[in-house]
>>> print(open('data_33.cif').read())   # mmCIF, C-alpha atoms and all ligand atoms
data_target
loop_
_atom_site.label_atom_id
_atom_site.label_comp_id
_atom_site.auth_asym_id
_atom_site.auth_seq_id
_atom_site.Cartn_x
_atom_site.Cartn_y
_atom_site.Cartn_z
CA MET A 1 0.00 0.00 0.00
CA SER A 2 1.56 3.34 -1.06
CA GLU A 3 1.41 6.72 0.74
CA PRO A 4 -1.98 8.47 0.49
CA ILE A 5 -2.41 11.03 -2.29
CA ARG A 6 -4.42 14.22 -1.84
CA VAL A 7 -7.34 14.45 -4.25
CA CYS A 8 -9.58 17.52 -4.49
CA VAL A 9 -13.19 17.48 -5.66
CA THR A 10 -14.86 20.87 -6.15
CA GLY A 11 -18.63 21.25 -6.14
CA ALA A 12 -18.42 18.57 -3.49
CA ALA A 13 -21.91 19.21 -2.13
CA GLY A 14 -23.48 18.88 -5.60
CA GLN A 15 -25.06 16.16 -7.67
CA ILE A 16 -22.08 14.79 -9.62
CA ALA A 17 -19.82 14.77 -6.58
CA TYR A 18 -22.36 12.70 -4.67
CA SER A 19 -21.70 9.76 -7.01
CA LEU A 20 -18.06 10.57 -7.77
CA LEU A 21 -16.86 10.65 -4.18
CA TYR A 22 -18.05 7.09 -3.71
CA MET A 23 -16.04 5.86 -6.70
CA ILE A 24 -12.84 7.65 -5.63
CA ALA A 25 -13.06 6.46 -2.02
CA ASN A 26 -13.91 2.94 -3.12
CA GLY A 27 -10.70 2.56 -5.17
CA ASP A 28 -12.40 2.68 -8.58
CA VAL A 29 -10.17 5.50 -9.83
CA PHE A 30 -6.69 5.11 -8.32
CA GLY A 31 -6.81 1.37 -7.72
CA ARG A 32 -7.35 -0.80 -4.66
CA GLU A 33 -3.83 -0.24 -3.34
CA GLN A 34 -3.91 3.57 -3.28
CA LYS A 35 -5.06 5.40 -0.15
CA VAL A 36 -6.54 8.86 -0.61
CA ILE A 37 -7.06 12.04 1.38
CA LEU A 38 -10.10 13.84 -0.02
CA THR A 39 -10.29 17.62 0.07
CA LEU A 40 -13.82 18.79 -0.64
CA LEU A 41 -14.38 22.34 -1.89
CA ASP A 42 -17.73 24.06 -2.10
CA ILE A 43 -19.01 27.56 -1.43
CA GLU A 44 -19.73 28.83 2.08
CA PRO A 45 -23.58 28.50 1.94
CA MET A 46 -23.17 24.79 1.09
CA MET A 47 -21.01 23.91 4.11
CA GLY A 48 -24.00 22.43 5.99
CA VAL A 49 -24.87 20.12 3.09
CA LEU A 50 -21.20 19.23 2.71
CA GLU A 51 -21.09 18.22 6.37
CA GLY A 52 -23.78 15.63 5.57
CA VAL A 53 -21.69 14.29 2.69
CA VAL A 54 -18.71 14.00 5.06
CA MET A 55 -20.88 12.04 7.53
CA GLU A 56 -21.91 9.63 4.78
CA LEU A 57 -18.32 9.15 3.62
CA SER A 58 -17.45 8.25 7.18
CA ASP A 59 -20.42 5.88 7.42
CA CYS A 60 -19.31 4.06 4.24
CA ALA A 61 -16.23 2.88 6.20
CA PHE A 62 -13.99 2.96 3.12
CA THR A 63 -10.70 1.26 3.89
CA LEU A 64 -8.75 3.45 1.41
CA LEU A 65 -10.04 6.80 2.69
CA THR A 66 -7.50 8.20 5.13
CA GLN A 67 -8.93 11.67 5.76
CA VAL A 68 -11.68 14.01 4.52
CA ILE A 69 -11.22 17.79 4.59
CA PRO A 70 -14.34 19.86 3.80
CA THR A 71 -13.68 23.55 3.11
CA ALA A 72 -14.82 26.71 1.36
CA ASP A 73 -11.21 27.92 1.01
CA PRO A 74 -9.41 27.04 -2.26
CA ALA A 75 -6.05 27.45 -0.46
CA VAL A 76 -6.96 24.54 1.84
CA ALA A 77 -8.66 22.50 -0.88
CA PHE A 78 -5.78 22.64 -3.37
CA LYS A 79 -2.88 22.37 -0.90
CA ASP A 80 -0.44 19.73 -2.22
CA VAL A 81 -3.09 17.95 -4.32
CA SER A 82 -1.99 15.41 -6.90
CA VAL A 83 -5.35 15.35 -8.69
CA ALA A 84 -8.18 17.90 -8.91
CA PHE A 85 -11.66 17.13 -10.20
CA LEU A 86 -13.08 20.59 -10.97
CA VAL A 87 -16.81 19.88 -10.91
CA GLY A 88 -18.12 22.92 -9.03
CA ALA A 89 -19.96 25.22 -11.42
CA MET A 90 -23.52 26.11 -12.34
CA PRO A 91 -25.36 23.46 -14.40
CA ARG A 92 -27.58 24.48 -17.35
CA ARG A 93 -31.34 24.33 -17.30
CA GLN A 94 -33.72 23.26 -20.05
CA GLY A 95 -33.46 25.40 -23.19
CA MET A 96 -29.89 26.57 -22.51
CA GLU A 97 -26.72 25.62 -24.38
CA ARG A 98 -23.66 24.88 -22.27
CA LYS A 99 -21.89 27.99 -23.57
CA ASP A 100 -24.69 30.08 -22.00
CA LEU A 101 -22.97 29.20 -18.70
CA LEU A 102 -19.74 30.89 -19.75
CA SER A 103 -20.38 34.25 -18.09
CA ALA A 104 -21.39 32.62 -14.79
CA ASN A 105 -18.77 29.90 -14.67
CA VAL A 106 -15.57 31.06 -16.34
CA LYS A 107 -14.58 33.30 -13.41
CA ILE A 108 -14.64 30.26 -11.11
CA PHE A 109 -11.98 28.65 -13.29
CA LYS A 110 -9.85 31.78 -13.37
CA VAL A 111 -9.81 31.90 -9.56
CA GLN A 112 -9.21 28.16 -9.25
CA GLY A 113 -6.41 28.27 -11.84
CA GLU A 114 -4.67 30.91 -9.74
CA ALA A 115 -5.19 28.87 -6.57
CA LEU A 116 -3.92 25.65 -8.17
CA ASN A 117 -0.88 27.56 -9.38
CA THR A 118 -0.08 28.64 -5.84
CA TYR A 119 -1.04 25.63 -3.72
CA ALA A 120 -1.18 22.40 -5.76
CA LYS A 121 1.69 20.06 -6.58
CA LYS A 122 3.38 21.10 -9.83
CA ASP A 123 2.49 17.77 -11.40
CA VAL A 124 -1.19 18.02 -10.39
CA LYS A 125 -3.56 16.43 -12.89
CA VAL A 126 -6.67 18.53 -13.44
CA LEU A 127 -9.95 17.35 -14.93
CA VAL A 128 -12.48 20.09 -15.69
CA VAL A 129 -16.07 18.84 -15.62
CA GLY A 130 -17.93 22.13 -15.01
CA ASN A 131 -19.41 23.54 -18.22
CA PRO A 132 -18.48 24.77 -20.73
CA ALA A 133 -15.74 22.30 -19.86
CA ASN A 134 -13.27 22.81 -22.73
CA THR A 135 -13.11 26.57 -22.40
CA ASN A 136 -13.09 26.46 -18.61
CA ALA A 137 -10.07 24.13 -18.80
CA LEU A 138 -8.32 26.55 -21.15
CA ILE A 139 -8.92 29.45 -18.76
CA CYS A 140 -7.87 27.43 -15.73
CA SER A 141 -4.58 26.51 -17.38
CA HIS A 142 -4.01 30.10 -18.55
CA TYR A 143 -4.15 31.30 -14.94
CA ALA A 144 -1.84 28.54 -13.70
CA PRO A 145 1.33 29.29 -15.67
CA THR A 146 3.68 27.25 -13.43
CA ILE A 147 1.77 24.01 -14.05
CA PRO A 148 2.40 22.26 -17.40
CA LYS A 149 -0.39 22.86 -19.95
CA GLU A 150 -0.76 19.13 -20.55
CA ASN A 151 -1.92 18.70 -16.94
CA PHE A 152 -5.24 20.42 -17.73
CA THR A 153 -7.92 18.36 -19.43
CA ALA A 154 -11.65 18.65 -20.08
CA MET A 155 -14.19 15.88 -19.87
CA THR A 156 -15.61 14.44 -23.09
CA ARG A 157 -15.58 10.89 -21.72
CA LEU A 158 -19.29 11.04 -21.05
CA ASP A 159 -19.83 11.67 -24.77
CA GLN A 160 -17.55 8.73 -25.58
CA ASN A 161 -19.45 6.47 -23.19
CA ARG A 162 -22.75 7.60 -24.67
CA ALA A 163 -21.53 6.94 -28.21
CA ARG A 164 -20.22 3.51 -27.26
CA ALA A 165 -23.51 2.56 -25.62
CA GLN A 166 -25.54 3.70 -28.64
CA ILE A 167 -23.43 1.59 -31.01
CA ALA A 168 -23.48 -1.45 -28.71
CA GLN A 169 -27.29 -1.28 -28.67
CA ARG A 170 -27.51 -0.80 -32.43
CA VAL A 171 -25.18 -3.74 -33.17
CA GLY A 172 -26.64 -5.87 -30.37
CA THR A 173 -23.41 -6.56 -28.52
CA ASP A 174 -21.85 -5.88 -25.11
CA ILE A 175 -20.26 -2.49 -24.49
CA SER A 176 -16.90 -4.19 -23.92
CA ASN A 177 -16.92 -5.34 -27.57
CA VAL A 178 -17.11 -1.74 -28.88
CA GLN A 179 -13.80 0.14 -29.14
CA ASN A 180 -12.12 3.26 -30.49
CA ILE A 181 -15.05 5.58 -31.08
CA ILE A 182 -13.66 9.12 -30.99
CA ILE A 183 -15.16 12.36 -29.72
CA TRP A 184 -13.62 15.32 -31.52
CA GLY A 185 -13.92 18.94 -30.43
CA ASN A 186 -16.13 20.64 -27.91
CA HIS A 187 -18.28 19.08 -25.18
CA SER A 188 -21.30 20.69 -26.80
CA ALA A 189 -23.84 20.14 -29.54
CA THR A 190 -21.08 20.74 -32.13
CA GLN A 191 -18.93 17.80 -31.00
CA PHE A 192 -18.19 15.13 -33.61
CA PRO A 193 -18.70 11.54 -32.43
CA ASP A 194 -16.74 9.60 -35.05
CA VAL A 195 -16.91 5.85 -35.67
CA ALA A 196 -14.56 5.77 -38.69
CA ASN A 197 -11.87 3.95 -36.67
CA GLY A 198 -14.23 2.15 -34.32
CA THR A 199 -14.86 -1.56 -34.06
CA ALA A 200 -17.62 -3.75 -32.70
CA ASN A 201 -16.88 -7.44 -32.17
CA GLY A 202 -13.56 -6.82 -33.94
CA LYS A 203 -15.24 -5.59 -37.15
CA ALA A 204 -15.39 -2.04 -38.52
CA ILE A 205 -18.52 -0.29 -37.23
CA THR A 206 -18.89 1.28 -40.67
CA ASP A 207 -19.32 -2.25 -42.11
CA LEU A 208 -21.94 -3.20 -39.51
CA VAL A 209 -24.14 -0.11 -39.31
CA ASP A 210 -25.69 1.87 -42.16
CA THR A 211 -23.98 5.12 -43.08
CA SER A 212 -27.16 7.21 -43.04
CA TYR A 213 -27.70 6.36 -39.34
CA LEU A 214 -24.03 6.94 -38.48
CA GLN A 215 -23.91 10.32 -40.23
CA SER A 216 -27.14 11.73 -38.84
CA GLU A 217 -29.21 10.13 -36.05
CA PHE A 218 -26.22 8.68 -34.20
CA ILE A 219 -24.31 11.98 -34.18
CA GLU A 220 -27.34 14.00 -33.11
CA THR A 221 -28.28 11.55 -30.35
CA VAL A 222 -24.84 11.85 -28.79
CA GLN A 223 -24.63 15.61 -29.32
CA LYS A 224 -27.99 16.18 -27.66
CA ARG A 225 -27.95 13.48 -25.00
CA GLY A 226 -27.25 15.92 -22.17
CA ALA A 227 -30.31 17.98 -23.16
CA ALA A 228 -32.43 14.82 -23.39
CA VAL A 229 -31.46 13.87 -19.83
CA ILE A 230 -32.29 17.38 -18.60
CA ALA A 231 -35.69 17.25 -20.33
CA ALA A 232 -36.47 13.93 -18.61
CA ARG A 233 -34.89 14.43 -15.18
CA LYS A 234 -35.26 18.22 -14.90
CA MET A 235 -31.65 18.11 -13.73
CA SER A 236 -28.49 17.46 -15.70
CA SER A 237 -26.70 14.12 -15.92
CA ALA A 238 -24.98 13.28 -12.67
CA MET A 239 -24.48 9.53 -12.21
CA SER A 240 -23.19 9.10 -15.77
CA ALA A 241 -21.06 12.26 -15.48
CA ALA A 242 -19.46 10.94 -12.30
CA LYS A 243 -18.76 7.56 -13.95
CA ALA A 244 -17.15 9.33 -16.91
CA ALA A 245 -15.00 11.49 -14.61
CA ALA A 246 -13.86 8.36 -12.83
CA ASP A 247 -13.11 6.64 -16.16
CA HIS A 248 -11.16 9.66 -17.44
CA VAL A 249 -8.90 10.00 -14.40
CA ARG A 250 -8.48 6.23 -13.93
CA ASP A 251 -7.13 5.93 -17.48
CA TRP A 252 -4.90 8.97 -17.00
CA TRP A 253 -3.53 7.55 -13.72
CA LEU A 254 -3.24 3.89 -14.65
CA GLY A 255 -2.85 4.10 -18.47
CA THR A 256 -4.63 2.71 -21.50
CA THR A 257 -3.95 -0.63 -23.11
CA GLY A 258 -4.15 -0.55 -26.88
CA THR A 259 -7.37 1.43 -27.28
CA PHE A 260 -8.07 5.16 -27.63
CA VAL A 261 -9.90 7.33 -25.18
CA SER A 262 -11.11 10.87 -25.85
CA MET A 263 -10.01 13.79 -23.70
CA GLY A 264 -10.21 17.53 -24.12
CA VAL A 265 -6.55 18.63 -24.23
CA LEU A 266 -4.68 21.70 -25.35
CA SER A 267 -4.30 21.43 -29.12
CA ASP A 268 -0.74 21.19 -30.43
CA GLY A 269 -1.91 21.69 -34.01
CA SER A 270 -2.54 17.98 -34.68
CA TYR A 271 -5.12 17.35 -37.42
CA ASN A 272 -4.83 21.06 -38.36
CA ILE A 273 -6.75 22.10 -35.27
CA PRO A 274 -5.56 25.57 -34.20
CA LYS A 275 -3.20 25.62 -31.24
CA ASP A 276 -4.30 26.98 -27.89
CA ILE A 277 -7.85 25.74 -27.70
CA VAL A 278 -8.86 22.76 -25.56
CA PHE A 279 -10.11 20.26 -28.11
CA SER A 280 -11.17 16.66 -27.63
CA PHE A 281 -8.78 14.26 -29.41
CA PRO A 282 -8.23 10.52 -29.28
CA VAL A 283 -5.33 9.84 -26.91
CA GLU A 284 -3.32 6.92 -25.60
CA ILE A 285 -1.79 7.09 -22.12
CA GLN A 286 1.33 5.60 -20.58
CA ASN A 287 3.20 6.60 -17.39
CA LYS A 288 0.51 9.23 -16.70
CA GLN A 289 1.33 11.04 -19.98
CA TRP A 290 -1.27 11.26 -22.73
CA LYS A 291 -0.35 11.41 -26.41
CA ILE A 292 -2.68 12.37 -29.24
CA VAL A 293 -3.16 9.42 -31.60
CA GLN A 294 -1.63 10.47 -34.91
CA GLY A 295 -2.17 9.51 -38.53
CA LEU A 296 -5.91 8.87 -38.58
CA ASN A 297 -7.65 9.58 -41.85
CA ILE A 298 -9.92 12.65 -41.83
CA ASP A 299 -12.26 12.55 -44.82
CA GLU A 300 -14.28 15.46 -46.19
CA PHE A 301 -17.31 14.69 -44.00
CA ALA A 302 -15.16 14.59 -40.86
CA ARG A 303 -13.26 17.76 -41.81
CA GLY A 304 -16.55 19.65 -42.13
CA LYS A 305 -17.55 18.53 -38.63
CA LEU A 306 -14.14 19.42 -37.15
CA ASP A 307 -14.38 22.90 -38.68
CA ILE A 308 -17.75 23.55 -37.05
CA THR A 309 -16.66 22.56 -33.55
CA THR A 310 -13.33 24.42 -33.94
CA LYS A 311 -15.17 27.62 -34.84
CA GLU A 312 -17.32 27.35 -31.73
CA LEU A 313 -14.28 26.82 -29.50
CA LEU A 314 -12.48 29.84 -30.97
CA GLU A 315 -15.57 31.97 -30.30
CA GLU A 316 -15.87 30.65 -26.74
CA LYS A 317 -12.19 31.38 -26.11
CA GLU A 318 -12.58 34.97 -27.24
CA GLU A 319 -15.66 35.49 -25.06
CA ALA A 320 -14.02 33.86 -22.04
CA MET A 321 -10.87 35.96 -22.30
CA ALA A 322 -12.98 39.11 -22.60
CA ILE A 323 -14.89 38.18 -19.42
CA CYS A 324 -11.67 37.39 -17.52
CA ASN A 325 -9.91 40.56 -18.70
CA ALA A 326 -12.88 42.67 -17.58
CA ASN A 327 -12.58 41.33 -14.01
N1 LIG A 401 -18.32 17.73 -18.93
C1 LIG A 401 -19.40 16.98 -18.77
O1 LIG A 401 -19.55 15.95 -19.46
C2 LIG A 401 -20.48 17.34 -17.79
C3 LIG A 401 -20.45 18.53 -17.10
N2 LIG A 401 -21.44 18.85 -16.21
C4 LIG A 401 -21.32 20.13 -15.51
O2 LIG A 401 -20.80 19.89 -14.19
C5 LIG A 401 -21.14 21.00 -13.35
C6 LIG A 401 -21.67 20.50 -12.01
O3 LIG A 401 -22.88 19.79 -12.19
P1 LIG A 401 -23.74 19.26 -10.95
O4 LIG A 401 -22.89 18.57 -9.96
O5 LIG A 401 -24.89 18.54 -11.52
O6 LIG A 401 -24.23 20.66 -10.36
P2 LIG A 401 -24.80 20.97 -8.88
O7 LIG A 401 -25.46 22.31 -8.96
O8 LIG A 401 -25.55 19.82 -8.34
O9 LIG A 401 -23.47 21.10 -8.03
C7 LIG A 401 -22.53 22.10 -8.28
C8 LIG A 401 -21.86 22.42 -6.96
O10 LIG A 401 -20.81 23.33 -7.24
C9 LIG A 401 -20.78 24.26 -6.18
N3 LIG A 401 -20.04 25.45 -6.56
C10 LIG A 401 -20.45 26.56 -7.21
N4 LIG A 401 -19.47 27.45 -7.31
C11 LIG A 401 -18.39 26.91 -6.72
C12 LIG A 401 -17.05 27.35 -6.49
N5 LIG A 401 -16.65 28.55 -6.90
N6 LIG A 401 -16.21 26.52 -5.86
C13 LIG A 401 -16.61 25.32 -5.43
N7 LIG A 401 -17.86 24.84 -5.59
C14 LIG A 401 -18.74 25.63 -6.24
C15 LIG A 401 -22.26 24.52 -5.88
O11 LIG A 401 -22.44 25.12 -4.61
C16 LIG A 401 -22.81 23.10 -5.96
O12 LIG A 401 -22.73 22.43 -4.72
C17 LIG A 401 -22.13 21.84 -14.15
O13 LIG A 401 -21.46 22.95 -14.75
C18 LIG A 401 -22.60 20.87 -15.23
O14 LIG A 401 -23.10 21.54 -16.37
C19 LIG A 401 -22.48 18.00 -15.97
C20 LIG A 401 -22.55 16.79 -16.63
C21 LIG A 401 -21.56 16.37 -17.59
O1 LIG A 402 -25.99 18.64 -20.68
C1 LIG A 402 -25.57 19.21 -19.66
O2 LIG A 402 -25.76 20.40 -19.40
C2 LIG A 402 -24.74 18.41 -18.72
C3 LIG A 402 -23.70 17.79 -19.54
O3 LIG A 402 -22.71 18.41 -19.88
C4 LIG A 402 -24.00 16.50 -20.15
O4 LIG A 402 -24.90 15.78 -19.69
O5 LIG A 402 -23.32 16.15 -21.11
#
>>> encode(input="data_33.cif", output="C-alpha cells")
Amino acid sequence: MSEPIRVCVTGAAGQIAYSLLYMIANGDVFGREQKVILTLLDIEPMMGVLEGVVMELSDCAFTLLTQVIPTADPAVAFKDVSVAFLVGAMPRRQGMERKDLLSANVKIFKVQGEALNTYAKKDVKVLVVGNPANTNALICSHYAPTIPKENFTAMTRLDQNRARAQIAQRVGTDISNVQNIIIWGNHSATQFPDVANGTANGKAITDLVDTSYLQSEFIETVQKRGAAVIAARKMSSAMSAAKAAADHVRDWWLGTTGTFVSMGVLSDGSYNIPKDIVFSFPVEIQNKQWKIVQGLNIDEFARGKLDITTKELLEEKEEAMAICNAN
C-alpha cells in the first residue's frame, strides 16, 4: 500500500460529486492499493450540506479513505493535491446551451487556476467537468502558468461512453466489444462523435451499421444526450457524469492498453486544429502522460464537422478571455 495522495473534488456538495466521491473512495479510480485524502471544496452557503456528505463518507467505512477535509477555502482544498476534479460550477437548465454558462462559470476557473498555481503540486492532474468544460479548462490553465499545460484536461468521456452505448445497442453486442469511437472537439452540440476507426466485435462499425444512421441520427443523439437527460430528469446528468469522470482519471492515472480514449486537451496543431484551444482528441496514455493518436484519416465529412466545432471553441475562447480581462 503506497502513501496516500491528496485528491480535491470541487462542487463537493453537488449532484455529480455525490456519485463521484463514492467511486474515488472505493478505489475505482486510483486502484485498490492507493489510499486517498479527499479535500472537498464548495461555497460557504453549502457547508452544511457538505457536512452531511462528510458524515456519509465516514459511514461508508472505506478502507482506502485516510482523511476528509471539507472547506470553502481554495487554499486549503488545493494544498499539495496530486489530482483535482473541478466539478463545481452552475449546471444548465432546459433550453440553454452549455456555452450560455460561460459568463457565470468562467470566473470560477480563473480563480481556481490561480489557486492551483499557488497551492497544488506542480504535477497536479486537473480534470475540468464544469461547463463549458473545454473553455473552462483553457482558462484554468491560462491562470496557472507554473503548471504544465498538458496537466489540464476537459471531460468528453461522457460523450464517448454515450456513443459507445448507442453503437453497442444498435449492433446488439456488449459495451466491452465496442472500441475506439472518438469524440472530436467541444463538449457541446457541435462535438463530432466519429466511428470511422471504431470496431464492434472486432469488425469495422462502418461495415456493420448503415452510413445514413451513423452520419445523422447517431451523431445527433450523442450531441444532444445531455439535453435529453435534462428534459427527462429536470436536472443534468450526474451519475453518468461521475462515472465518466472516474473513467477519465483512472485511465490517466493507470494508463490505456491498446485502445483510444477521448479527452479535451490543449491542441498542439494535430489534425490542423488551431493551437491553444482545448479540443477533444483521441489519446493513448502511458506513465501518466497522454499522447494524441496520430495519422488517422480525416475525410471530407469529418473535416466539415471538425471545422464547425473548432469555430465554436475559438468563439468561446474569445468570449471567455474578454470576461476574464474585464474582471
Ligand atoms: N463535462 C461533462 O460531461 C459534464 C459537465 N457537467 C457540468 O458539471 C457541473 C456540475 O454539475 P452538478 O454537480 O450537476 O451541479 P450541482 O449544482 O448539483 O453542483 C454544483 C456544486 O458546485 C458548487 N459550486 C459553485 N461554485 C463553486 C465554487 N466557486 N467553488 C466550489 N464549488 C462551487 C455549488 O455550490 C454546488 O454544490 C455543471 O457545470 C454541469 O453543467 C455536468 C454533466 C456532464
Ligand atoms: O448537458 C448538460 O448540461 C450536462 C452535460 O454536460 C451532459 O450531460 O453532457
>>> residues_around(input="data_33.cif", residues="segment 40-52 of chain A", least_positions_apart="6", cutoff="7 Å", atoms="all atoms listed in the file", output="PyMOL selection string")
chain A and resi 8-13+69-72+74+77
>>> closest_residue(input="data_33.cif", among="A:Glu150, A:Glu3, A:Asp123, A:Asp28", to="Ser267 of chain A", atoms="only C-alpha atoms")
A:Glu150
>>> closest_residue(input="data_33.cif", among="A:Ser237, A:Gly185, A:Val195, A:Leu102", to="ligand LIG 401 (chain A)", atoms="all atoms listed in the file")
A:Ser237
>>> closest_residue(input="data_33.cif", among="A:Met23, A:Ile182, A:Ala189, A:Leu101", to="Ala241 of chain A", atoms="only C-alpha atoms")
A:Met23
>>> axis_aligned_box(input="data_33.cif", around="segment 141-155 of chain A", padding_each_side="4 Å", output="AutoDock Vina command-line options")
--center_x -5.3 --center_y 23.6 --center_z -17.0 --size_x 25.9 --size_y 23.4 --size_z 15.1
>>> atom_distance(input="data_33.cif", atom1="atom O5 of ligand LIG 402 (chain A)", atom2="atom CA of Leu158 of chain A")
6.5 Å
